[in-house]
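First up is the structure itself, then whatever we jot down about it.
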Amino acid sequence: MSRGLIPAVAAALLLFPLSAGPALAADGDSGKPKEPKPPARMSEIGGELLGRPGTQVRPGPGVPALPAKRTGRSWIVADAESGDVLAAHNAHWKLPPASTLKMLFADTLLPKFDKKQEHKVLRTELEGMGAGSSAVGLKENLTYTVRDLWLGVFLRSGNDAVRVLAHKNGGIDKTVQEMQARAEELNALDTTVVSPDGYDAPRQFSSAYDLTLIARSGLQNADFREYCSTVSADFPGKWKTDKKTKKKKRETFAIQNTDRLLTGDYDLTPYKGVAGIKNGYTSKAGWTFTGVAQRGERVLLVTVMNPSSKEHNAVYKETAKLFDWGFKAAGKAEPVGTLVPPRGAEPTTGEAGGTDGARPEDPAQAGVAAQETPGGSAGIGTVLGLMGALLVVLAAAGLLVHRRWPLPERAGRHPGDAQGAQGAPGTPPGVTPRSRTPWKLWKPGKPKEPGKPGETPASEKSPEGKPEGKPEEPRG
């Protein structure tokens with residue numbers, strides 16, 4: 001019996017680490033699940049370095065050290081004009097995007113509808129939103145302008161506004177298909193669209209690289225620039241009859257942008273020079289944010305996805321630090337990659353950093369070629385300029401944008417865009433053409449202060465409203 005017992009005990013001891021190993025690896029020493037690791041190999045669109053896991057930056061003379069305590073699973077700092085990626089961390093890691101996916105929704109649908117057009121909301125258009133969705137507070141059987149709906153999308157990250165616009169576009173499925181096609185046109189190939197509003201869905205992913213490409217494209221649309229930088233607005237509510245005059249009057253309530261770098265918070269000052277774009281949050285995606293800011297002639301795009309820090313407003317604070325680093329490093333740091341142009345964009349000849357004018361078919365190769373030439377981005381860019389004073393608390397500044405791509409006739413966008421830029425037949429009246437040369441200066445009026453607690457009827461308050469007047473973070 002003793003001879004039989006010893007081998008059995010020995011076998012059990014050998015098996016123990018094999019069975020216990022995975023549990024220890026999953027739980028870690030603290031008993032908490034370990035942070036997931038990025039894939040060992042990712043897309044190389046934009047350059048080979050961008051496909052590597054970990055932080056990618058080229059240190060050199062005068063290049064400052066990256067800020068400490070960076071906890072985002074993925075982030076990127078890029079020059080909006082040249083397309084140079086100054087630094088990145090897991091740039092192509094496919095992660096849930098939350099409401100930052102609304103940038104793609106807007107880039108796809110904004111040119112389709114006259115913003116002055118009115119739309120009566122149907123009950124069926126508000127059905128199917130995920131539990132806990134952020135909403136601007138649309139009511140069935142009430143009429144809103146298309147501009148109202150877009151303000152609801154950008155300021156309140158309203159999934160109700162997204163669904164109404166998607167139905168106006170022919171339905172959720174059609175809109176998802178168009179968004180996916182648009183992502184592919186932009187070479188945002190890490191992106192898979194399942195829900196148009198960014199609400200958590202199986203196999204819905206994007207990446208810091210893709211979100212930055214999408215933001216750069218969206219900024220070519222004047223309406224996109226206006227909406228994403230609007231701090232607050234009056235939103236139409238219910239109709240009420242005046243007891244004395246017996247006349248009907250539509251009430252309004254204040255909505256405020258949920259972008260904390262734009263509006264500030266009790267522990268965060270609005271970032272100098274920021275012109276908004278899009279933030280988001282879901283339980284699976286964590287906090288996500290893509291922003292654009294300018295100092296002098298330099299305009300940067302920064303995307304941060306899912307910081308692990310538990311600090312309040314961590315995604316905005318880490319974004320601000322990366323902006324600070326980028327403005328100091330720009331012109332000194334050699335790029336680690338580039339933001340590739342869309343498919344069908346104009347080939348360039350003789351531009352700074354350009355090639356012989358031939359555009360490689362493989363976007364990954366295009367990125368590698370641009371990376372190997374300092375400053376190379378095939379001459380593709382969006383120059384953003386803030387006119388007058390930079391953004392301050394609850395005030396917006398003008399944004400001057402010059403565009404060199406894509407040409408209307410080559411962009412492969414919607415029918416009539418090229419003619420619409422000259423006002424020819426093909427573009428409905430009031431619709432902003434998707435492509436313009438050059439972009440026009442826009443000067444949004446000074447936004448109104450958001451309503452104080454108690455000033456807005458409870459029935460009309462946004463579901464995301466805080467008692468102190470600060471909006472909650474959007475839930476995609």
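In the structure tokens, the first chain shown is A, the next is B, and so on; residue numbers restart at 1 for each chain, and ligands run from 1 in the order shown.
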Residues of segment 212-247 of chain A in strand (DSSP E), written as an NGL selection string:
:A and (232-241)
Residues of segment 86-254 of chain A in alpha helix (DSSP H), written as a ChimeraX atom specification:
/A:102-109,146-156,159-168,172-185,208-218,222-229
Next, dump the selected residues to file, keeping only C-alpha atoms, as an mmCIF file, in the first residue's frame.
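What ended up in result33.cif:
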```cif
data_model
loop_
_atom_site.group_PDB
_atom_site.id
_atom_site.type_symbol
_atom_site.label_atom_id
_atom_site.label_comp_id
_atom_site.auth_asym_id
_atom_site.auth_seq_id
_atom_site.Cartn_x
_atom_site.Cartn_y
_atom_site.Cartn_z
ATOM 1 C CA LYS A 102 -20.449 58.792 -32.818
ATOM 2 C CA MET A 103 -17.679 60.666 -34.660
ATOM 3 C CA LEU A 104 -17.955 58.080 -37.428
ATOM 4 C CA PHE A 105 -21.746 58.317 -37.297
ATOM 5 C CA ALA A 106 -21.519 62.081 -37.794
ATOM 6 C CA ASP A 107 -18.838 61.894 -40.473
ATOM 7 C CA THR A 108 -21.050 59.469 -42.400
ATOM 8 C CA LEU A 109 -24.451 61.173 -42.066
ATOM 9 C CA VAL A 146 -31.889 68.270 -37.876
ATOM 10 C CA ARG A 147 -29.599 70.781 -36.200
ATOM 11 C CA ASP A 148 -31.341 70.140 -32.866
ATOM 12 C CA LEU A 149 -30.740 66.427 -33.301
ATOM 13 C CA TRP A 150 -27.034 66.900 -34.045
ATOM 14 C CA LEU A 151 -26.626 69.137 -31.011
ATOM 15 C CA GLY A 152 -28.175 66.303 -29.014
ATOM 16 C CA VAL A 153 -25.632 63.886 -30.462
ATOM 17 C CA PHE A 154 -22.553 66.040 -29.843
ATOM 18 C CA LEU A 155 -23.384 67.827 -26.599
ATOM 19 C CA ARG A 156 -25.353 65.176 -24.723
ATOM 20 C CA ASN A 159 -28.432 57.804 -28.199
ATOM 21 C CA ASP A 160 -32.043 58.866 -28.741
ATOM 22 C CA ALA A 161 -30.879 61.511 -31.236
ATOM 23 C CA VAL A 162 -28.633 58.948 -32.947
ATOM 24 C CA ARG A 163 -31.496 56.519 -33.390
ATOM 25 C CA VAL A 164 -33.834 59.174 -34.788
ATOM 26 C CA LEU A 165 -31.218 60.295 -37.317
ATOM 27 C CA ALA A 166 -30.444 56.681 -38.199
ATOM 28 C CA HIS A 167 -34.148 56.002 -38.881
ATOM 29 C CA LYS A 168 -34.299 59.171 -40.952
ATOM 30 C CA ILE A 172 -30.294 51.213 -38.049
ATOM 31 C CA ASP A 173 -28.974 48.401 -40.264
ATOM 32 C CA LYS A 174 -28.514 50.654 -43.280
ATOM 33 C CA THR A 175 -26.732 53.246 -41.169
ATOM 34 C CA VAL A 176 -24.395 50.646 -39.656
ATOM 35 C CA GLN A 177 -23.510 49.397 -43.143
ATOM 36 C CA GLU A 178 -22.770 52.925 -44.334
ATOM 37 C CA MET A 179 -20.649 53.638 -41.266
ATOM 38 C CA GLN A 180 -18.650 50.469 -41.885
ATOM 39 C CA ALA A 181 -18.127 51.427 -45.518
ATOM 40 C CA ARG A 182 -17.025 54.906 -44.441
ATOM 41 C CA ALA A 183 -14.526 53.449 -41.959
ATOM 42 C CA GLU A 184 -13.034 51.333 -44.724
ATOM 43 C CA GLU A 185 -12.870 54.375 -47.013
ATOM 44 C CA ALA A 208 -6.897 55.001 -30.973
ATOM 45 C CA TYR A 209 -5.420 55.192 -34.468
ATOM 46 C CA ASP A 210 -8.793 54.766 -36.177
ATOM 47 C CA LEU A 211 -10.600 57.231 -33.921
ATOM 48 C CA THR A 212 -7.936 59.819 -34.720
ATOM 49 C CA LEU A 213 -8.344 59.204 -38.463
ATOM 50 C CA ILE A 214 -12.106 59.558 -38.107
ATOM 51 C CA ALA A 215 -11.814 62.783 -36.086
ATOM 52 C CA ARG A 216 -9.442 64.262 -38.655
ATOM 53 C CA SER A 217 -11.940 63.498 -41.391
ATOM 54 C CA GLY A 218 -14.909 64.837 -39.440
ATOM 55 C CA ALA A 222 -17.947 72.932 -40.933
ATOM 56 C CA ASP A 223 -21.035 71.656 -39.114
ATOM 57 C CA PHE A 224 -18.986 68.941 -37.410
ATOM 58 C CA ARG A 225 -16.543 71.600 -36.179
ATOM 59 C CA GLU A 226 -19.360 73.812 -34.934
ATOM 60 C CA TYR A 227 -21.239 71.085 -33.077
ATOM 61 C CA CYS A 228 -18.218 69.450 -31.444
ATOM 62 C CA SER A 229 -16.965 72.785 -30.059
#
```
My list of candidates is A:Tyr144, A:Phe327, A:Trp287, A:Phe253. Which is closest to Gly273 of chain A when distances are computed with only C-alpha atoms?
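Ranking A:Tyr144, A:Phe327, A:Trp287, A:Phe253 by distance to Gly273 of chain A, first place goes to A:Phe327.
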Distance atom CA of Ser308 of chain A-atom CA of Leu66 of chain A, one decimal place?
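Atom-to-atom, atom CA of Ser308 of chain A and atom CA of Leu66 of chain A are spaced 17.6 Å apart.
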Residues near Glu318 of chain A, cut-off 9 Å, only C-alpha atoms, skip fewer than 3 positions along chain, as a list of chain:residue names:
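The neighbour list is A:Pro67, A:Lys69, A:Arg70, A:Thr71, A:Gly72, A:Val304, A:Pro307, A:Asn313, A:Ala314, A:Val315, A:Lys321, A:Leu322, A:Phe323.
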Pairwise distance, atom CA of Leu101 of chain A with atom CA of Val136 of chain A, equals 17.2 Å
Nearest to Val302 of chain A among A:Val193, A:Val336, A:Ala131, A:Ala80, with distances taken over only C-alpha atoms: which residue is it?
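Smallest separation from Val302 of chain A among the options: A:Ala80.
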